file model-v6.txt (compact mmCIF, N, CA and C atoms)
# COMPACT_ATOMS: atom_id res chain seq x y z
N MET R 1 -4.84 12.48 20.84
CA MET R 1 -4.04 13.21 19.89
C MET R 1 -2.67 12.55 19.79
N PRO R 2 -2.15 12.42 18.57
CA PRO R 2 -0.83 11.79 18.38
C PRO R 2 0.28 12.60 19.06
N SER R 3 1.26 11.89 19.52
CA SER R 3 2.38 12.56 20.18
C SER R 3 3.26 13.27 19.16
N ASP R 4 3.97 14.28 19.64
CA ASP R 4 4.90 15.01 18.77
C ASP R 4 6.00 14.09 18.24
N HIS R 5 6.40 13.12 19.07
CA HIS R 5 7.44 12.19 18.66
C HIS R 5 6.99 11.36 17.45
N THR R 6 5.77 10.87 17.47
CA THR R 6 5.23 10.08 16.35
C THR R 6 5.13 10.93 15.10
N LEU R 7 4.62 12.14 15.24
CA LEU R 7 4.50 13.03 14.08
C LEU R 7 5.87 13.36 13.50
N ASN R 8 6.84 13.62 14.35
CA ASN R 8 8.20 13.93 13.90
C ASN R 8 8.82 12.74 13.16
N MET R 9 8.62 11.53 13.69
CA MET R 9 9.15 10.33 13.05
C MET R 9 8.54 10.15 11.65
N LEU R 10 7.24 10.40 11.53
CA LEU R 10 6.58 10.26 10.23
C LEU R 10 7.08 11.33 9.24
N GLU R 11 7.29 12.54 9.73
CA GLU R 11 7.87 13.59 8.88
C GLU R 11 9.25 13.18 8.37
N THR R 12 10.03 12.54 9.24
CA THR R 12 11.37 12.08 8.86
C THR R 12 11.28 10.99 7.79
N LEU R 13 10.37 10.04 7.95
CA LEU R 13 10.19 9.00 6.94
C LEU R 13 9.85 9.61 5.58
N LYS R 14 8.97 10.59 5.61
CA LYS R 14 8.56 11.24 4.36
C LYS R 14 9.71 12.03 3.75
N TYR R 15 10.47 12.73 4.57
CA TYR R 15 11.59 13.54 4.09
C TYR R 15 12.65 12.67 3.41
N TYR R 16 12.91 11.50 3.98
CA TYR R 16 13.92 10.59 3.42
C TYR R 16 13.27 9.52 2.55
N CYS R 17 12.33 9.93 1.73
CA CYS R 17 11.55 8.98 0.93
C CYS R 17 12.38 8.23 -0.11
N ASP R 18 13.58 8.72 -0.41
CA ASP R 18 14.44 8.01 -1.36
C ASP R 18 15.16 6.84 -0.70
N SER R 19 15.07 6.75 0.61
CA SER R 19 15.65 5.64 1.36
C SER R 19 14.53 4.68 1.76
N GLN R 20 14.90 3.46 2.04
CA GLN R 20 13.90 2.49 2.49
C GLN R 20 14.03 2.35 4.01
N ILE R 21 13.28 3.17 4.70
CA ILE R 21 13.30 3.17 6.17
C ILE R 21 11.99 2.61 6.67
N THR R 22 12.09 1.69 7.61
CA THR R 22 10.91 1.13 8.26
C THR R 22 11.05 1.32 9.75
N GLN R 23 10.02 1.89 10.36
CA GLN R 23 10.00 2.10 11.80
C GLN R 23 9.10 1.04 12.42
N THR R 24 9.60 0.37 13.45
CA THR R 24 8.85 -0.68 14.12
C THR R 24 8.40 -0.18 15.48
N PHE R 25 7.15 -0.49 15.84
CA PHE R 25 6.59 -0.11 17.13
C PHE R 25 6.28 -1.37 17.93
N SER R 26 6.65 -1.33 19.19
CA SER R 26 6.42 -2.47 20.09
C SER R 26 5.67 -2.01 21.32
N ASN R 27 5.01 -2.96 21.96
CA ASN R 27 4.30 -2.72 23.20
C ASN R 27 4.62 -3.89 24.11
N ASP R 28 5.21 -3.64 25.26
CA ASP R 28 5.64 -4.71 26.18
C ASP R 28 6.54 -5.73 25.49
N LYS R 29 7.49 -5.23 24.71
CA LYS R 29 8.48 -6.03 23.99
C LYS R 29 7.89 -6.92 22.89
N GLN R 30 6.62 -6.68 22.54
CA GLN R 30 5.97 -7.41 21.45
C GLN R 30 5.78 -6.44 20.28
N GLN R 31 6.30 -6.82 19.13
CA GLN R 31 6.14 -5.97 17.95
C GLN R 31 4.66 -5.88 17.60
N VAL R 32 4.18 -4.65 17.41
CA VAL R 32 2.77 -4.41 17.11
C VAL R 32 2.57 -4.07 15.64
N LEU R 33 3.44 -3.19 15.13
CA LEU R 33 3.29 -2.76 13.74
C LEU R 33 4.60 -2.17 13.24
N SER R 34 4.66 -2.02 11.93
CA SER R 34 5.77 -1.30 11.31
C SER R 34 5.17 -0.32 10.31
N VAL R 35 5.89 0.75 10.08
CA VAL R 35 5.41 1.78 9.15
C VAL R 35 6.56 2.23 8.26
N CYS R 36 6.23 2.47 7.01
CA CYS R 36 7.20 3.00 6.05
C CYS R 36 6.49 3.99 5.15
N TYR R 37 7.26 4.78 4.42
CA TYR R 37 6.69 5.73 3.47
C TYR R 37 6.90 5.20 2.06
N LEU R 38 5.83 5.18 1.28
CA LEU R 38 5.89 4.70 -0.10
C LEU R 38 5.91 5.90 -1.04
N LYS R 39 7.08 6.17 -1.57
CA LYS R 39 7.26 7.34 -2.43
C LYS R 39 6.35 7.30 -3.65
N ASN R 40 6.25 6.14 -4.28
CA ASN R 40 5.46 6.03 -5.51
C ASN R 40 3.97 6.28 -5.28
N ASN R 41 3.47 5.98 -4.07
CA ASN R 41 2.05 6.20 -3.75
C ASN R 41 1.82 7.49 -2.96
N HIS R 42 2.91 8.12 -2.52
CA HIS R 42 2.83 9.29 -1.65
C HIS R 42 1.95 8.98 -0.44
N SER R 43 2.24 7.84 0.19
CA SER R 43 1.45 7.43 1.35
C SER R 43 2.30 6.65 2.34
N PHE R 44 1.78 6.56 3.55
CA PHE R 44 2.41 5.75 4.59
C PHE R 44 1.73 4.39 4.59
N GLU R 45 2.52 3.35 4.79
CA GLU R 45 1.97 2.00 4.86
C GLU R 45 2.26 1.43 6.24
N ILE R 46 1.18 1.09 6.94
CA ILE R 46 1.29 0.43 8.24
C ILE R 46 1.03 -1.05 8.02
N THR R 47 1.92 -1.89 8.55
CA THR R 47 1.74 -3.34 8.53
C THR R 47 1.56 -3.79 9.96
N TYR R 48 0.40 -4.36 10.25
CA TYR R 48 0.11 -4.87 11.59
C TYR R 48 0.71 -6.26 11.72
N THR R 49 1.59 -6.43 12.68
CA THR R 49 2.39 -7.64 12.81
C THR R 49 1.56 -8.90 13.00
N GLU R 50 0.60 -8.86 13.88
CA GLU R 50 -0.17 -10.07 14.22
C GLU R 50 -0.97 -10.60 13.04
N THR R 51 -1.55 -9.71 12.26
CA THR R 51 -2.43 -10.13 11.16
C THR R 51 -1.78 -10.00 9.78
N ASN R 52 -0.66 -9.29 9.72
CA ASN R 52 0.03 -8.99 8.47
C ASN R 52 -0.83 -8.15 7.51
N ILE R 53 -1.83 -7.49 8.05
CA ILE R 53 -2.68 -6.60 7.26
C ILE R 53 -1.94 -5.29 7.04
N LYS R 54 -2.02 -4.80 5.79
CA LYS R 54 -1.37 -3.54 5.44
C LYS R 54 -2.45 -2.50 5.15
N LYS R 55 -2.23 -1.29 5.70
CA LYS R 55 -3.15 -0.18 5.45
C LYS R 55 -2.34 1.03 5.03
N ASN R 56 -2.87 1.76 4.06
CA ASN R 56 -2.19 2.95 3.57
C ASN R 56 -2.92 4.20 4.01
N PHE R 57 -2.12 5.23 4.31
CA PHE R 57 -2.64 6.51 4.77
C PHE R 57 -1.93 7.62 4.01
N ARG R 58 -2.68 8.59 3.53
CA ARG R 58 -2.10 9.71 2.78
C ARG R 58 -1.60 10.83 3.68
N HIS R 59 -2.19 10.97 4.86
CA HIS R 59 -1.88 12.10 5.72
C HIS R 59 -1.14 11.66 6.98
N ILE R 60 -0.21 12.49 7.38
CA ILE R 60 0.60 12.18 8.57
C ILE R 60 -0.28 12.05 9.81
N GLU R 61 -1.26 12.94 9.97
CA GLU R 61 -2.10 12.93 11.16
C GLU R 61 -2.89 11.63 11.29
N SER R 62 -3.47 11.17 10.19
CA SER R 62 -4.26 9.93 10.25
C SER R 62 -3.35 8.72 10.47
N THR R 63 -2.15 8.76 9.93
CA THR R 63 -1.18 7.69 10.17
C THR R 63 -0.79 7.64 11.64
N ALA R 64 -0.50 8.81 12.20
CA ALA R 64 -0.12 8.89 13.61
C ALA R 64 -1.25 8.42 14.52
N GLU R 65 -2.48 8.79 14.19
CA GLU R 65 -3.63 8.36 14.99
C GLU R 65 -3.78 6.84 14.96
N ALA R 66 -3.58 6.23 13.79
CA ALA R 66 -3.68 4.76 13.68
C ALA R 66 -2.59 4.08 14.50
N ILE R 67 -1.39 4.65 14.51
CA ILE R 67 -0.29 4.09 15.30
C ILE R 67 -0.61 4.18 16.78
N GLU R 68 -1.02 5.36 17.22
CA GLU R 68 -1.34 5.57 18.64
C GLU R 68 -2.46 4.63 19.09
N LYS R 69 -3.47 4.46 18.26
CA LYS R 69 -4.60 3.57 18.58
C LYS R 69 -4.13 2.13 18.73
N ALA R 70 -3.27 1.68 17.84
CA ALA R 70 -2.79 0.29 17.88
C ALA R 70 -1.93 0.02 19.11
N LEU R 71 -1.29 1.05 19.62
CA LEU R 71 -0.39 0.87 20.77
C LEU R 71 -1.11 0.94 22.12
N ARG R 72 -2.38 1.27 22.13
CA ARG R 72 -3.16 1.36 23.38
C ARG R 72 -3.46 0.01 23.93
call {"tool": "encode", "arguments": {"input": "model-v6.txt", "output": "structure tokens"}}
result
Amino acid sequence: MPSDHTLNMLETLKYYCDSQITQTFSNDKQQVLSVCYLKNNHSFEITYTETNIKKNFRHIESTAEAIEKALR
């Protein structure tokens, strides 16, 4: 289950959708992914650092689960 901290951070990104905020996640000082909220698509976009693959998620819960999974 996603942590409350991750869910809260995603809520904040969505709330400030008029700003361009990107949150970066690292594991052992290595950047793993970044996430931002796309107002025009009403979705979260995760960019995986190693592959530069971008995935979009409409729901906070599924976004948080993808983040938690990538950080394991």
call {"tool": "residues_around", "arguments": {"input": "model-v6.txt", "residues": "R:Leu7", "least_positions_apart": "5", "cutoff": "8 Å", "atoms": "only N, CA and C atoms", "output": "compact mmCIF listing (two decimals) with N, CA and C atoms, in the frame of the given file"}}
result
# COMPACT_ATOMS: atom_id res chain seq x y z
N PRO R 2 -2.15 12.42 18.57
CA PRO R 2 -0.83 11.79 18.38
C PRO R 2 0.28 12.60 19.06
N THR R 12 10.03 12.54 9.24
CA THR R 12 11.37 12.08 8.86
C THR R 12 11.28 10.99 7.79
N LEU R 13 10.37 10.04 7.95
CA LEU R 13 10.19 9.00 6.94
C LEU R 13 9.85 9.61 5.58
N ILE R 60 -0.21 12.49 7.38
CA ILE R 60 0.60 12.18 8.57
C ILE R 60 -0.28 12.05 9.81
N GLU R 61 -1.26 12.94 9.97
CA GLU R 61 -2.10 12.93 11.16
C GLU R 61 -2.89 11.63 11.29
N THR R 63 -2.15 8.76 9.93
CA THR R 63 -1.18 7.69 10.17
C THR R 63 -0.79 7.64 11.64
N ALA R 64 -0.50 8.81 12.20
CA ALA R 64 -0.12 8.89 13.61
C ALA R 64 -1.25 8.42 14.52
N GLU R 65 -2.48 8.79 14.19
CA GLU R 65 -3.63 8.36 14.99
C GLU R 65 -3.78 6.84 14.96
call {"tool": "closest_residue", "arguments": {"input": "model-v6.txt", "among": "R:Asp28, R:Glu11, R:Glu45, R:Asp18", "to": "R:Phe57", "atoms": "all atoms listed in the file"}}
result
R:Glu45
call {"tool": "closest_residue", "arguments": {"input": "model-v6.txt", "among": "R:Arg58, R:Thr47, R:Val35, R:Ala66", "to": "R:Gln20", "atoms": "only C-alpha atoms"}}
result
R:Val35
call {"tool": "atom_distance", "arguments": {"input": "model-v6.txt", "atom1": "atom CA of R:Thr51", "atom2": "atom CA of R:Tyr15"}}
result
28.4 Å
call {"tool": "select_by_dssp", "arguments": {"input": "model-v6.txt", "residues": "chain R", "states": "alpha helix (DSSP H)", "output": "list of chain:residue names"}}
result
R:Asp4, R:His5, R:Thr6, R:Leu7, R:Asn8, R:Met9, R:Leu10, R:Glu11, R:Thr12, R:Leu13, R:Lys14, R:Tyr15, R:Ile60, R:Glu61, R:Ser62, R:Thr63, R:Ala64, R:Glu65, R:Ala66, R:Ile67, R:Glu68, R:Lys69, R:Ala70, R:Leu71
call {"tool": "select_by_dssp", "arguments": {"input": "model-v6.txt", "residues": "chain R", "states": "strand (DSSP E)", "output": "ChimeraX atom specification"}}
result
/R:22-27,30-38,43-48,54-57
call {"tool": "residues_near_point", "arguments": {"input": "model-v6.txt", "point": "(3.9, 3.3, 14.8)", "cutoff": "8 Å", "atoms": "all atoms listed in the file", "output": "list in words"}}
result
Thr6, Gln23, Thr24, Phe25, Ser26, Val32, Leu33, Ser34, Val35, Ile46, Thr63, Ala64, Ala66, Ile67, Glu68, Ala70 and Leu71 of chain R
call {"tool": "atom_distance", "arguments": {"input": "model-v6.txt", "atom1": "atom CA of R:Ser62", "atom2": "atom N of R:Asp4"}}
result
13.2 Å
call {"tool": "atom_distance", "arguments": {"input": "model-v6.txt", "atom1": "atom CA of R:Lys14", "atom2": "atom N of R:Tyr37"}}
result
6.6 Å
call {"tool": "closest_residue", "arguments": {"input": "model-v6.txt", "among": "R:Asn27, R:Asn8, R:Ser19, R:Ser3", "to": "R:Arg72", "atoms": "only N, CA and C atoms"}}
result
R:Asn27
call {"tool": "decode", "arguments": {"input": "model-v6.txt", "residues": "stretch 5-47 of chain R", "atoms": "N, CA and C atoms", "output": "PDB file, in the first residue's frame"}}
result
ATOM      1  N   HIS R   5       2.745   9.685   2.862  1.00  0.00           N
ATOM      2  CA  HIS R   5       3.602  10.758   2.363  1.00  0.00           C
ATOM      3  C   HIS R   5       3.520  10.853   0.834  1.00  0.00           C
ATOM      4  N   THR R   6       3.566   9.728   0.155  1.00  0.00           N
ATOM      5  CA  THR R   6       3.485   9.714  -1.313  1.00  0.00           C
ATOM      6  C   THR R   6       2.125  10.221  -1.774  1.00  0.00           C
ATOM      7  N   LEU R   7       1.069   9.760  -1.138  1.00  0.00           N
ATOM      8  CA  LEU R   7      -0.278  10.210  -1.504  1.00  0.00           C
ATOM      9  C   LEU R   7      -0.436  11.710  -1.274  1.00  0.00           C
ATOM     10  N   ASN R   8       0.072  12.210  -0.173  1.00  0.00           N
ATOM     11  CA  ASN R   8       0.001  13.637   0.136  1.00  0.00           C
ATOM     12  C   ASN R   8       0.769  14.467  -0.895  1.00  0.00           C
ATOM     13  N   MET R   9       1.955  13.995  -1.283  1.00  0.00           N
ATOM     14  CA  MET R   9       2.755  14.699  -2.280  1.00  0.00           C
ATOM     15  C   MET R   9       2.015  14.768  -3.620  1.00  0.00           C
ATOM     16  N   LEU R  10       1.366  13.679  -4.005  1.00  0.00           N
ATOM     17  CA  LEU R  10       0.621  13.666  -5.263  1.00  0.00           C
ATOM     18  C   LEU R  10      -0.595  14.602  -5.201  1.00  0.00           C
ATOM     19  N   GLU R  11      -1.262  14.629  -4.059  1.00  0.00           N
ATOM     20  CA  GLU R  11      -2.377  15.573  -3.868  1.00  0.00           C
ATOM     21  C   GLU R  11      -1.890  17.016  -4.023  1.00  0.00           C
ATOM     22  N   THR R  12      -0.703  17.291  -3.491  1.00  0.00           N
ATOM     23  CA  THR R  12      -0.127  18.633  -3.594  1.00  0.00           C
ATOM     24  C   THR R  12       0.185  18.985  -5.042  1.00  0.00           C
ATOM     25  N   LEU R  13       0.762  18.051  -5.790  1.00  0.00           N
ATOM     26  CA  LEU R  13       1.039  18.297  -7.209  1.00  0.00           C
ATOM     27  C   LEU R  13      -0.250  18.624  -7.966  1.00  0.00           C
ATOM     28  N   LYS R  14      -1.287  17.872  -7.669  1.00  0.00           N
ATOM     29  CA  LYS R  14      -2.565  18.095  -8.349  1.00  0.00           C
ATOM     30  C   LYS R  14      -3.177  19.436  -7.944  1.00  0.00           C
ATOM     31  N   TYR R  15      -3.094  19.777  -6.672  1.00  0.00           N
ATOM     32  CA  TYR R  15      -3.662  21.027  -6.174  1.00  0.00           C
ATOM     33  C   TYR R  15      -2.996  22.241  -6.828  1.00  0.00           C
ATOM     34  N   TYR R  16      -1.682  22.165  -7.001  1.00  0.00           N
ATOM     35  CA  TYR R  16      -0.933  23.275  -7.607  1.00  0.00           C
ATOM     36  C   TYR R  16      -0.702  23.030  -9.104  1.00  0.00           C
ATOM     37  N   CYS R  17      -1.728  22.575  -9.773  1.00  0.00           N
ATOM     38  CA  CYS R  17      -1.595  22.189 -11.186  1.00  0.00           C
ATOM     39  C   CYS R  17      -1.270  23.364 -12.109  1.00  0.00           C
ATOM     40  N   ASP R  18      -1.471  24.591 -11.643  1.00  0.00           N
ATOM     41  CA  ASP R  18      -1.119  25.752 -12.469  1.00  0.00           C
ATOM     42  C   ASP R  18       0.378  26.048 -12.424  1.00  0.00           C
ATOM     43  N   SER R  19       1.090  25.374 -11.540  1.00  0.00           N
ATOM     44  CA  SER R  19       2.545  25.509 -11.443  1.00  0.00           C
ATOM     45  C   SER R  19       3.189  24.289 -12.095  1.00  0.00           C
ATOM     46  N   GLN R  20       4.421  24.434 -12.475  1.00  0.00           N
ATOM     47  CA  GLN R  20       5.141  23.300 -13.049  1.00  0.00           C
ATOM     48  C   GLN R  20       6.066  22.728 -11.971  1.00  0.00           C
ATOM     49  N   ILE R  21       5.533  21.785 -11.228  1.00  0.00           N
ATOM     50  CA  ILE R  21       6.282  21.152 -10.142  1.00  0.00           C
ATOM     51  C   ILE R  21       6.607  19.730 -10.544  1.00  0.00           C
ATOM     52  N   THR R  22       7.852  19.351 -10.364  1.00  0.00           N
ATOM     53  CA  THR R  22       8.286  17.981 -10.611  1.00  0.00           C
ATOM     54  C   THR R  22       8.931  17.450  -9.348  1.00  0.00           C
ATOM     55  N   GLN R  23       8.480  16.285  -8.915  1.00  0.00           N
ATOM     56  CA  GLN R  23       9.035  15.631  -7.735  1.00  0.00           C
ATOM     57  C   GLN R  23       9.939  14.499  -8.202  1.00  0.00           C
ATOM     58  N   THR R  24      11.150  14.466  -7.670  1.00  0.00           N
ATOM     59  CA  THR R  24      12.123  13.441  -8.045  1.00  0.00           C
ATOM     60  C   THR R  24      12.278  12.455  -6.900  1.00  0.00           C
ATOM     61  N   PHE R  25      12.341  11.168  -7.242  1.00  0.00           N
ATOM     62  CA  PHE R  25      12.521  10.109  -6.258  1.00  0.00           C
ATOM     63  C   PHE R  25      13.849   9.412  -6.513  1.00  0.00           C
ATOM     64  N   SER R  26      14.574   9.181  -5.431  1.00  0.00           N
ATOM     65  CA  SER R  26      15.885   8.520  -5.522  1.00  0.00           C
ATOM     66  C   SER R  26      15.915   7.321  -4.594  1.00  0.00           C
ATOM     67  N   ASN R  27      16.806   6.406  -4.905  1.00  0.00           N
ATOM     68  CA  ASN R  27      17.040   5.227  -4.087  1.00  0.00           C
ATOM     69  C   ASN R  27      18.546   5.054  -3.994  1.00  0.00           C
ATOM     70  N   ASP R  28      19.101   5.080  -2.799  1.00  0.00           N
ATOM     71  CA  ASP R  28      20.557   5.002  -2.610  1.00  0.00           C
ATOM     72  C   ASP R  28      21.293   6.065  -3.413  1.00  0.00           C
ATOM     73  N   LYS R  29      20.774   7.285  -3.374  1.00  0.00           N
ATOM     74  CA  LYS R  29      21.357   8.454  -4.039  1.00  0.00           C
ATOM     75  C   LYS R  29      21.337   8.376  -5.565  1.00  0.00           C
ATOM     76  N   GLN R  30      20.595   7.412  -6.111  1.00  0.00           N
ATOM     77  CA  GLN R  30      20.434   7.286  -7.563  1.00  0.00           C
ATOM     78  C   GLN R  30      19.005   7.680  -7.922  1.00  0.00           C
ATOM     79  N   GLN R  31      18.874   8.644  -8.812  1.00  0.00           N
ATOM     80  CA  GLN R  31      17.539   9.062  -9.242  1.00  0.00           C
ATOM     81  C   GLN R  31      16.852   7.905  -9.945  1.00  0.00           C
ATOM     82  N   VAL R  32      15.619   7.611  -9.523  1.00  0.00           N
ATOM     83  CA  VAL R  32      14.857   6.498 -10.080  1.00  0.00           C
ATOM     84  C   VAL R  32      13.776   6.998 -11.031  1.00  0.00           C
ATOM     85  N   LEU R  33      13.065   8.041 -10.600  1.00  0.00           N
ATOM     86  CA  LEU R  33      11.963   8.551 -11.418  1.00  0.00           C
ATOM     87  C   LEU R  33      11.622   9.966 -11.005  1.00  0.00           C
ATOM     88  N   SER R  34      10.854  10.612 -11.856  1.00  0.00           N
ATOM     89  CA  SER R  34      10.284  11.915 -11.517  1.00  0.00           C
ATOM     90  C   SER R  34       8.803  11.870 -11.879  1.00  0.00           C
ATOM     91  N   VAL R  35       8.030  12.667 -11.183  1.00  0.00           N
ATOM     92  CA  VAL R  35       6.586  12.701 -11.420  1.00  0.00           C
ATOM     93  C   VAL R  35       6.112  14.149 -11.431  1.00  0.00           C
ATOM     94  N   CYS R  36       5.185  14.426 -12.320  1.00  0.00           N
ATOM     95  CA  CYS R  36       4.561  15.743 -12.387  1.00  0.00           C
ATOM     96  C   CYS R  36       3.084  15.553 -12.708  1.00  0.00           C
ATOM     97  N   TYR R  37       2.303  16.610 -12.529  1.00  0.00           N
ATOM     98  CA  TYR R  37       0.883  16.562 -12.858  1.00  0.00           C
ATOM     99  C   TYR R  37       0.660  17.353 -14.137  1.00  0.00           C
ATOM    100  N   LEU R  38      -0.036  16.744 -15.087  1.00  0.00           N
ATOM    101  CA  LEU R  38      -0.331  17.394 -16.367  1.00  0.00           C
ATOM    102  C   LEU R  38      -1.771  17.888 -16.343  1.00  0.00           C
ATOM    103  N   LYS R  39      -1.917  19.183 -16.187  1.00  0.00           N
ATOM    104  CA  LYS R  39      -3.245  19.785 -16.067  1.00  0.00           C
ATOM    105  C   LYS R  39      -4.101  19.517 -17.304  1.00  0.00           C
ATOM    106  N   ASN R  40      -3.511  19.648 -18.476  1.00  0.00           N
ATOM    107  CA  ASN R  40      -4.283  19.487 -19.718  1.00  0.00           C
ATOM    108  C   ASN R  40      -4.811  18.064 -19.906  1.00  0.00           C
ATOM    109  N   ASN R  41      -4.108  17.065 -19.357  1.00  0.00           N
ATOM    110  CA  ASN R  41      -4.538  15.664 -19.466  1.00  0.00           C
ATOM    111  C   ASN R  41      -5.251  15.167 -18.209  1.00  0.00           C
ATOM    112  N   HIS R  42      -5.208  15.972 -17.149  1.00  0.00           N
ATOM    113  CA  HIS R  42      -5.736  15.563 -15.846  1.00  0.00           C
ATOM    114  C   HIS R  42      -5.134  14.229 -15.429  1.00  0.00           C
ATOM    115  N   SER R  43      -3.802  14.152 -15.540  1.00  0.00           N
ATOM    116  CA  SER R  43      -3.120  12.908 -15.195  1.00  0.00           C
ATOM    117  C   SER R  43      -1.730  13.193 -14.637  1.00  0.00           C
ATOM    118  N   PHE R  44      -1.196  12.182 -13.975  1.00  0.00           N
ATOM    119  CA  PHE R  44       0.170  12.244 -13.467  1.00  0.00           C
ATOM    120  C   PHE R  44       1.072  11.571 -14.489  1.00  0.00           C
ATOM    121  N   GLU R  45       2.248  12.140 -14.690  1.00  0.00           N
ATOM    122  CA  GLU R  45       3.214  11.555 -15.613  1.00  0.00           C
ATOM    123  C   GLU R  45       4.455  11.168 -14.836  1.00  0.00           C
ATOM    124  N   ILE R  46       4.772   9.877 -14.887  1.00  0.00           N
ATOM    125  CA  ILE R  46       6.000   9.365 -14.275  1.00  0.00           C
ATOM    126  C   ILE R  46       7.012   9.162 -15.391  1.00  0.00           C
ATOM    127  N   THR R  47       8.216   9.682 -15.197  1.00  0.00           N
ATOM    128  CA  THR R  47       9.322   9.460 -16.124  1.00  0.00           C
ATOM    129  C   THR R  47      10.371   8.640 -15.392  1.00  0.00           C
TER     130      THR R  47
END
